[in-house]
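Colleague: If you scroll down you'll find the structure; I have some questions about it.
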Amino acid sequence: MKLAIIGGGISSFAAAITAAKNNNDVTIIEKNNKVLKKLLLTGNGKCNYFNEDQDISHYHTNSNMDIEKIINFQNITKVKNFWQDLGMIPFIKNGYYYPYSEVASSIKETLLFYATALGINIITDCDVKNIIKENTKFHVIGANYSDFFDKVIIATGSLAYPATGTTGFGYDVAADFGHTINTINPSLVQLVTNLGIEPKWNGVRSHVVVTDLKSKKKQEGEIQLTSYGISGICVFNLSRDIAIGINNSIKQSISINFAPWCKNIMDYLNKMSQNFPKRNIISLCEIFINYKLLSAILQHLKISEKSSWKELKTSEKEKLAQSITNFQIDIVGTKSFEFSQVCSGGVNLEELNLNTLESKIVSNLHFCGEVLDLDGDCGGYNITIAILTGILVGESC
Ligand SMILES: Cc1cc2nc3c(=O)[nH]c(=O)nc-3n(C[C@H](O)[C@H](O)[C@H](O)COP(=O)(O)OP(=O)(O)OC[C@H]3O[C@@H](n4cnc5c(N)ncnc54)[C@H](O)[C@@H]3O)c2cc1C
C-alpha cells in the first residue's frame, strides 16, 4: 500500500517504521528543512521519552470515551518494544527515562538511520496545503508537490510551540473531512499572575507543593518564580485544567506551600525568634526561604522587612505564617501556544477506530500524535502517546 504521512515528528516516525516493516511503500512529508525538530528540544535537549509510572491518571482527553482503550498495558508494551528495537539504553532518573547518551539528537539519528534502512521516502521543505479524496485515492498537494496515495496519516502535531513547524494544519484537514475538533488549549504551560510583586521574586526557584484550589490536585517539585508569574514542572502539570477553566471564564486560583517540610510554621518561627530575638524576619527565615521571595511576600502583605518576629502584631504573624505555607494566588492567564509544550483538545477520539486510529468518517484516513485529543503530563507521557498512536496506525497498514 502507498502511504503518505504528513508531518515528520516523532509520531510520524513510529507510524512509518511500523508500516514499512509490513512492506508498505511509505513517504513522510515534512514542511521544515529537517525532520524531528521538536524532538531535539524535548527534556531540555536530553529527551525524556518514557516514564516508569504508567498510571492512567497521567493521560488526559476531553473526548467522551474510556482512555484505557488506548493507554493500556498491551499498548504500552508495544512502546517499550519499539524502543528496545531501536537499541535504546535508558538512563533512569526518578522514574523518568532518557537515552543513556542524554542527547536527544542520538534518538533522531537512530530513527533516521532505521527509516532510511527500511526504504522510507523522506521529503522535506514541503508544506502540505491540501488533501483531497478523489475516488479511492488521496491527492496530497503541497508547494511544488503533488502525488496520490492509498492511505494518508495526519501526524502534524498541535498548535503548541509553532517555532518547530506546528500550525494546527491537521485540525483543518480533520475538520474539512467532517471531524469534530475538541477545543484546543495550551497545556504544560507557564501561568500568569498579577500580584505586582513578580519583578521582585523573578529568578527565584523553590521546592514547594502547589495546589489547584478548584480541582484540589497537588503537585510537589521545583517552582520557578518569574517576572510574569510561575513556571516549573509542578506548575505545568496543573496548567491543563487551569487553562481550560480560564478559557471558560471560571476564576482560577492556586495555593503554594513554600515550606512543605514544616508541620507548624508558627511554632517554628516562635522558637527561632527565641533563639535569635534581634534578627529581622528576612534574616530569621533565610535558612529555609529565599530572601528575595520573602521580601516579595512581605511587600504583598505590607509588613516591614525591618521588623523582627517579636515586633509583629499577632495578625501580621498569622498572615505571614499563612503566606509561607498557603500562599493563595489568582491565575489571570497562561502563556500562549508559542510557549506551551503541548495542547489539550484535538481530533475527537470518538470519531476514530481506537485500534487503528482510522477515521470512522473517511476510510484510509488516520491520525496519530498530538493532533489527537489525547495529552499527557510532563515526564515522557507525550512522547509515549506519539509513539503509541504511531505504532497503532502503522500496524493497521
Ligand atoms: C520544549 C518542549 C519540550 C518537550 N519535552 C518533552 C519531553 O521531555 N517528554 C515528552 O514526552 N514530551 C515532551 N514534549 C512534547 C512532545 O515533544 C510532543 O508531544 C511530540 O513531539 C508530539 O509529536 P508529534 O509527532 O505528534 O508532533 P510534532 O513533533 O510536533 O511533529 C509534527 C510535524 O509536522 C510538521 N507539519 C505540520 N504541518 C505540516 C504541513 N502542513 N506539511 C508538512 N509538515 C507539517 C511539523 O513541521 C512538525 O515537524 C515537549 C514539547 C516541547 C515544545
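Each chain in the C-alpha cells gets a letter, A, B, ..., in the order shown, and its residues are numbered from 1; ligands are numbered from 1 in order too.
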Using only C-alpha atoms and all ligand atoms, what are the residues with an atom within 6 Å of ligand 1, set out as an MDAnalysis selection string?
Modeller: chainID A and resid 6:12 29:32 35:39 41:43 47:49 126:129 155:157 161 164:167 169 341:342 369:370 379:383 386
Colleague: Region 274-290 of chain A: which residues within 8 Å, counting only C-alpha atoms, same-chain residues fewer than 5 positions away excluded, as JSON, numbers by chain?
Modeller: {"A": [204, 206, 258, 259, 295, 305, 306, 307, 308, 309, 310]}
Colleague: Write to file, as a tab-separated table (two decimals), in the first residue's frame, the residues of the selection just made, with N, CA and C atoms.
Modeller:
chain	number	residue	atom	x	y	z
A	204	VAL	N	13.72	33.39	41.29
A	204	VAL	CA	13.83	32.51	42.46
A	204	VAL	C	13.26	31.12	42.12
A	206	SER	N	12.23	27.37	44.08
A	206	SER	CA	11.98	26.87	45.43
A	206	SER	C	11.26	25.53	45.37
A	258	PHE	N	5.41	27.07	50.56
A	258	PHE	CA	6.85	27.26	50.40
A	258	PHE	C	7.66	26.52	51.48
A	259	ALA	N	6.96	25.91	52.43
A	259	ALA	CA	7.66	25.19	53.50
A	259	ALA	C	7.01	23.82	53.72
A	295	SER	N	11.00	38.75	50.74
A	295	SER	CA	10.85	40.19	50.61
A	295	SER	C	9.61	40.54	49.78
A	305	GLU	N	10.12	44.88	56.28
A	305	GLU	CA	11.21	43.88	56.29
A	305	GLU	C	12.10	44.05	57.52
A	306	LYS	N	12.05	45.27	58.09
A	306	LYS	CA	12.99	45.56	59.18
A	306	LYS	C	12.53	44.98	60.52
A	307	SER	N	11.24	44.66	60.60
A	307	SER	CA	10.72	44.18	61.90
A	307	SER	C	11.29	42.81	62.24
A	308	SER	N	11.42	42.59	63.54
A	308	SER	CA	11.74	41.23	63.98
A	308	SER	C	10.40	40.50	64.19
A	309	TRP	N	10.47	39.16	64.32
A	309	TRP	CA	9.24	38.37	64.51
A	309	TRP	C	8.48	38.86	65.74
A	310	LYS	N	9.24	39.14	66.81
A	310	LYS	CA	8.61	39.55	68.07
A	310	LYS	C	7.86	40.87	67.94
Colleague: Could you list, as a ChimeraX atom specification, every residue within 8 Å of Gly333 (chain A), counting only C-alpha atoms and ignoring same-chain residues fewer than 4 positions away?
Modeller: /A:191-193,243,246
Colleague: Using the chain letters and numbers from this document, which residues of region 176-279 of chain A does DSSP assign to strand (DSSP E or B), as number ranges by chain?
Modeller: A: 181-187, 191-192, 205-212, 218-225, 229-231, 252-257
Colleague: Take the selection from the previous step and output its residues with C-alpha atoms, as an mmCIF file, in the first residue's frame.
Modeller:
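out_25.cif, written as the output of this step:
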data_model
loop_
_atom_site.group_PDB
_atom_site.id
_atom_site.type_symbol
_atom_site.label_atom_id
_atom_site.label_comp_id
_atom_site.auth_asym_id
_atom_site.auth_seq_id
_atom_site.Cartn_x
_atom_site.Cartn_y
_atom_site.Cartn_z
ATOM 1 C CA ILE A 181 -12.135 19.247 16.863
ATOM 2 C CA ASN A 182 -12.444 19.435 20.648
ATOM 3 C CA THR A 183 -11.441 22.868 21.964
ATOM 4 C CA ILE A 184 -7.680 23.400 21.820
ATOM 5 C CA ASN A 185 -5.966 24.996 24.827
ATOM 6 C CA PRO A 186 -2.289 25.358 25.686
ATOM 7 C CA SER A 187 -1.132 22.759 28.223
ATOM 8 C CA LEU A 191 0.871 30.540 34.456
ATOM 9 C CA VAL A 192 0.448 34.314 34.612
ATOM 10 C CA ARG A 205 13.439 28.716 42.467
ATOM 11 C CA SER A 206 11.977 26.874 45.432
ATOM 12 C CA HIS A 207 10.875 23.360 46.350
ATOM 13 C CA VAL A 208 7.126 23.643 47.001
ATOM 14 C CA VAL A 209 3.756 21.950 46.976
ATOM 15 C CA VAL A 210 1.305 23.691 44.627
ATOM 16 C CA THR A 211 -2.429 23.024 44.852
ATOM 17 C CA ASP A 212 -5.066 23.867 42.263
ATOM 18 C CA LYS A 218 -1.470 18.798 44.246
ATOM 19 C CA GLN A 219 1.991 18.781 42.698
ATOM 20 C CA GLU A 220 5.299 18.785 44.545
ATOM 21 C CA GLY A 221 8.506 19.989 42.907
ATOM 22 C CA GLU A 222 10.588 22.982 41.963
ATOM 23 C CA ILE A 223 8.658 26.154 41.180
ATOM 24 C CA GLN A 224 10.272 28.913 39.124
ATOM 25 C CA LEU A 225 9.060 32.381 40.051
ATOM 26 C CA GLY A 229 4.118 34.568 37.201
ATOM 27 C CA ILE A 230 5.103 30.951 37.826
ATOM 28 C CA SER A 231 6.676 28.077 35.929
ATOM 29 C CA GLN A 252 -8.666 30.046 38.830
ATOM 30 C CA SER A 253 -6.525 30.157 41.975
ATOM 31 C CA ILE A 254 -3.675 28.143 43.364
ATOM 32 C CA SER A 255 -2.027 27.795 46.754
ATOM 33 C CA ILE A 256 1.733 27.459 47.195
ATOM 34 C CA ASN A 257 3.306 25.890 50.266
#
Colleague: Need the shell around Ser340 (chain A): protein/DNA/RNA residues with any atom at most 9 Å away, counting only C-alpha atoms. Skip same-chain ones fewer than 6 positions apart. Format as JSON, numbers by chain?
Modeller: {"A": [159, 160, 161, 186, 187, 188, 189, 190, 236, 334]}
Colleague: Go ahead and write the residues just picked, C-alpha atoms, as a compact mmCIF listing (two decimals), in the first residue's frame.
Modeller:
# COMPACT_ATOMS: atom_id res chain seq x y z
CA LEU A 159 -0.74 24.30 17.88
CA ALA A 160 1.96 24.12 20.56
CA TYR A 161 5.42 25.56 20.01
CA PRO A 186 -2.29 25.36 25.69
CA SER A 187 -1.13 22.76 28.22
CA LEU A 188 2.13 22.18 30.09
CA VAL A 189 2.48 25.93 30.06
CA GLN A 190 3.54 28.77 32.37
CA PHE A 236 2.96 22.72 34.10
CA THR A 334 -1.47 31.24 30.79
Colleague: Could you check which of A:Trp261, A:Pro162, A:Cys378, A:Met88 is closest to Glu338 (chain A), using only C-alpha atoms?
Modeller: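 Of the candidates, the smallest distance to Glu338 (chain A) is held by A:Pro162.
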Colleague: Please extract the residues of region 134-189 of chain A with a backbone DSSP assignment of alpha helix (DSSP H) and present them as a ChimeraX atom specification.
Modeller: /A:169-176
Colleague: The selected residues should be written to file as a short mmCIF file (atom, residue, chain, number, x, y, z; two decimals), in the first residue's frame (atoms: C-alpha atoms).
Modeller:
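part.cif written:
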data_model
loop_
_atom_site.label_atom_id
_atom_site.label_comp_id
_atom_site.auth_asym_id
_atom_site.auth_seq_id
_atom_site.Cartn_x
_atom_site.Cartn_y
_atom_site.Cartn_z
CA PHE A 169 -2.90 22.20 9.95
CA GLY A 170 -4.05 18.71 10.95
CA TYR A 171 -7.10 20.14 12.72
CA ASP A 172 -8.13 21.91 9.48
CA VAL A 173 -7.74 18.70 7.46
CA ALA A 174 -9.75 16.74 10.03
CA ALA A 175 -12.50 19.38 10.13
CA ASP A 176 -12.63 19.52 6.30
#
Colleague: Could you give me, as a list in words, the residues within 10 Å of Thr18 (chain A), counting only C-alpha atoms and dropping anything in the same chain fewer than 6 positions from it?
Modeller: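 Returned residues: Ser12, Asn24, Phe82, Ala115, Leu118, Gly390, Ile391, Leu392, Val393, Gly394, Glu395, Ser396 and Cys397 of chain A.
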Colleague: Store the residues picked out above in a file with N, CA and C atoms, as a JSON list (two decimals), in the first residue's frame.
Modeller:
[["chain", "number", "residue", "atom", "x", "y", "z"],
["A", 12, "SER", "N", 5.11, 10.42, 13.56],
["A", 12, "SER", "CA", 5.24, 10.05, 12.16],
["A", 12, "SER", "C", 6.26, 8.93, 12.00],
["A", 24, "ASN", "N", 4.95, -1.81, 3.43],
["A", 24, "ASN", "CA", 4.23, -0.74, 2.74],
["A", 24, "ASN", "C", 5.22, 0.23, 2.10],
["A", 82, "PHE", "N", 9.19, -1.02, 20.94],
["A", 82, "PHE", "CA", 9.67, -0.11, 19.88],
["A", 82, "PHE", "C", 11.04, 0.44, 20.26],
["A", 115, "ALA", "N", 14.77, 4.46, 9.56],
["A", 115, "ALA", "CA", 13.82, 4.77, 8.49],
["A", 115, "ALA", "C", 14.47, 4.63, 7.12],
["A", 118, "LEU", "N", 14.92, 1.07, 6.13],
["A", 118, "LEU", "CA", 13.66, 0.41, 5.75],
["A", 118, "LEU", "C", 13.12, 0.95, 4.41],
["A", 390, "GLY", "N", 1.35, 6.23, 16.92],
["A", 390, "GLY", "CA", 2.03, 5.97, 15.65],
["A", 390, "GLY", "C", 2.10, 4.47, 15.37],
["A", 391, "ILE", "N", 2.43, 3.69, 16.41],
["A", 391, "ILE", "CA", 2.52, 2.23, 16.24],
["A", 391, "ILE", "C", 1.14, 1.67, 15.84],
["A", 392, "LEU", "N", 0.07, 2.12, 16.53],
["A", 392, "LEU", "CA", -1.27, 1.60, 16.23],
["A", 392, "LEU", "C", -1.63, 1.84, 14.77],
["A", 393, "VAL", "N", -1.32, 3.06, 14.29],
["A", 393, "VAL", "CA", -1.62, 3.36, 12.88],
["A", 393, "VAL", "C", -0.76, 2.48, 11.97],
["A", 394, "GLY", "N", 0.55, 2.43, 12.26],
["A", 394, "GLY", "CA", 1.47, 1.66, 11.41],
["A", 394, "GLY", "C", 1.08, 0.20, 11.33],
["A", 395, "GLU", "N", 0.66, -0.37, 12.47],
["A", 395, "GLU", "CA", 0.28, -1.79, 12.49],
["A", 395, "GLU", "C", -0.93, -2.07, 11.61],
["A", 396, "SER", "N", -1.80, -1.06, 11.50],
["A", 396, "SER", "CA", -3.05, -1.29, 10.76],
["A", 396, "SER", "C", -2.86, -1.18, 9.24],
["A", 397, "CYS", "N", -1.66, -0.78, 8.83],
["A", 397, "CYS", "CA", -1.44, -0.55, 7.39],
["A", 397, "CYS", "C", -0.99, -1.84, 6.71]]
